Amino acid sequence: QVQLVESGGGLVQPGGSLRLSCAASGFTFSIYAMSWYRQAPGKERELVAVHSAGGITNYADSVKGRFTISRDNAKNMVYLQMNSLKPEDTAVYYCKSGYGFKEYWGQGTQVTVSS
């Protein structure tokens, strides 16, 4: 069955870095666009970054220059490198795969940025 399992979240001080990972299985990973979303308490889920199957990346304005999405098709993995973290980056981060009308979500990993 399809699985997306995020890891790498945790507590980090402002200005610090974290690397999130998402392990995918159960579908043809290489043809799916892979994305990271986040949801802060009391807010709607928002798109953070997307990596198309063809290699195009896009980022939310709030994370441009600080976050980098990458993928390893050989390992069925997608990553989110987060640098210069701010308290407003605190949220549950979700991995999502999409291809046409098909989409799958992971269970999320908590990222807390606080001193």
# chains A, B, ... in the order shown; residues from 1 in each chain; ligands from 1
$ closest_atom_pairs --of "range 36-110 of chain A" --to "range 1-13 of chain A" --cutoff "7 Å" --atoms "only C-alpha atoms" --output "CSV"
residue,atom,partner,partner_atom,distance
A:Cys95,CA,A:Glu6,CA,6.7
A:Trp105,CA,A:Leu4,CA,6.4
A:Gly106,CA,A:Leu4,CA,4.5
A:Gln107,CA,A:Val5,CA,6.8
A:Gly108,CA,A:Glu6,CA,6.0
A:Thr109,CA,A:Gly9,CA,5.4
A:Gln110,CA,A:Gly9,CA,5.3
$ residues_around --residues "Val63 in chain A" --least-positions-apart "3" --cutoff "9 Å" --atoms "only C-alpha atoms" --output "ChimeraX atom specification"
/A:48-49,59-60,66-68,82,89
$ residues_around --residues "Pro14 in chain A" --least-positions-apart "3" --cutoff "8 Å" --atoms "only C-alpha atoms" --output "list in words"
Ser84, Leu85, Lys86, Pro87, Val113, Ser114 and Ser115 of chain A
$ atom_distance --atom1 "CA of Lys64 in chain A" --atom2 "CA of Ser25 in chain A"
28.5 Å
$ closest_residue --among "A:His51, A:Lys102, A:Arg38, A:Lys43" --to "Met77 in chain A" --atoms "only C-alpha atoms"
A:His51
$ residues_around --residues "range 32-35 of chain A" --least-positions-apart "3" --cutoff "12 Å" --atoms "only C-alpha atoms" --output "PyMOL selection string"
chain A and resi 4+6+20-29+38+46-60+68-73+76-80+93-106
$ select_by_dssp --residues "chain A" --states "helix (DSSP H, G or I)" --output "ChimeraX atom specification"
/A:29-31,87-89
$ write_last_selection --atoms "all heavy atoms" --output "compact mmCIF listing (two decimals), in the first residue's frame"
# COMPACT_ATOMS: atom_id res chain seq x y z
N PHE A 29 7.32 6.37 -7.69
CA PHE A 29 7.78 7.63 -7.11
C PHE A 29 8.26 8.62 -8.17
O PHE A 29 7.95 9.80 -8.09
CB PHE A 29 8.91 7.33 -6.12
CG PHE A 29 9.48 8.53 -5.44
CD1 PHE A 29 8.84 9.07 -4.32
CD2 PHE A 29 10.66 9.13 -5.89
CE1 PHE A 29 9.37 10.18 -3.68
CE2 PHE A 29 11.18 10.23 -5.25
CZ PHE A 29 10.54 10.76 -4.15
N SER A 30 8.99 8.15 -9.15
CA SER A 30 9.68 9.07 -10.07
C SER A 30 8.74 9.92 -10.91
O SER A 30 9.15 10.97 -11.42
CB SER A 30 10.63 8.28 -10.97
OG SER A 30 9.91 7.35 -11.76
N ILE A 31 7.50 9.47 -11.10
CA ILE A 31 6.60 10.23 -11.97
C ILE A 31 5.69 11.18 -11.18
O ILE A 31 4.93 11.94 -11.77
CB ILE A 31 5.72 9.30 -12.83
CG1 ILE A 31 4.73 8.50 -11.98
CG2 ILE A 31 6.59 8.39 -13.67
CD1 ILE A 31 3.74 7.70 -12.81
N PRO A 87 10.66 31.47 14.37
CA PRO A 87 9.52 30.97 15.16
C PRO A 87 8.26 30.76 14.31
O PRO A 87 7.51 29.82 14.57
CB PRO A 87 9.33 32.07 16.21
CG PRO A 87 10.69 32.65 16.39
CD PRO A 87 11.31 32.62 15.01
N GLU A 88 8.07 31.58 13.31
CA GLU A 88 6.87 31.43 12.47
C GLU A 88 6.93 30.22 11.54
O GLU A 88 5.95 29.92 10.86
CB GLU A 88 6.62 32.70 11.65
CG GLU A 88 7.82 33.21 10.87
CD GLU A 88 8.58 34.31 11.62
OE1 GLU A 88 8.77 34.18 12.85
OE2 GLU A 88 8.99 35.29 10.95
N ASP A 89 8.04 29.52 11.52
CA ASP A 89 8.13 28.26 10.78
C ASP A 89 7.59 27.09 11.60
O ASP A 89 7.48 25.97 11.08
CB ASP A 89 9.58 27.96 10.40
CG ASP A 89 10.15 28.96 9.41
OD1 ASP A 89 9.43 29.36 8.47
OD2 ASP A 89 11.32 29.37 9.59
$ atom_distance --atom1 "CA of Lys75 in chain A" --atom2 "CA of Thr112 in chain A"
27.4 Å
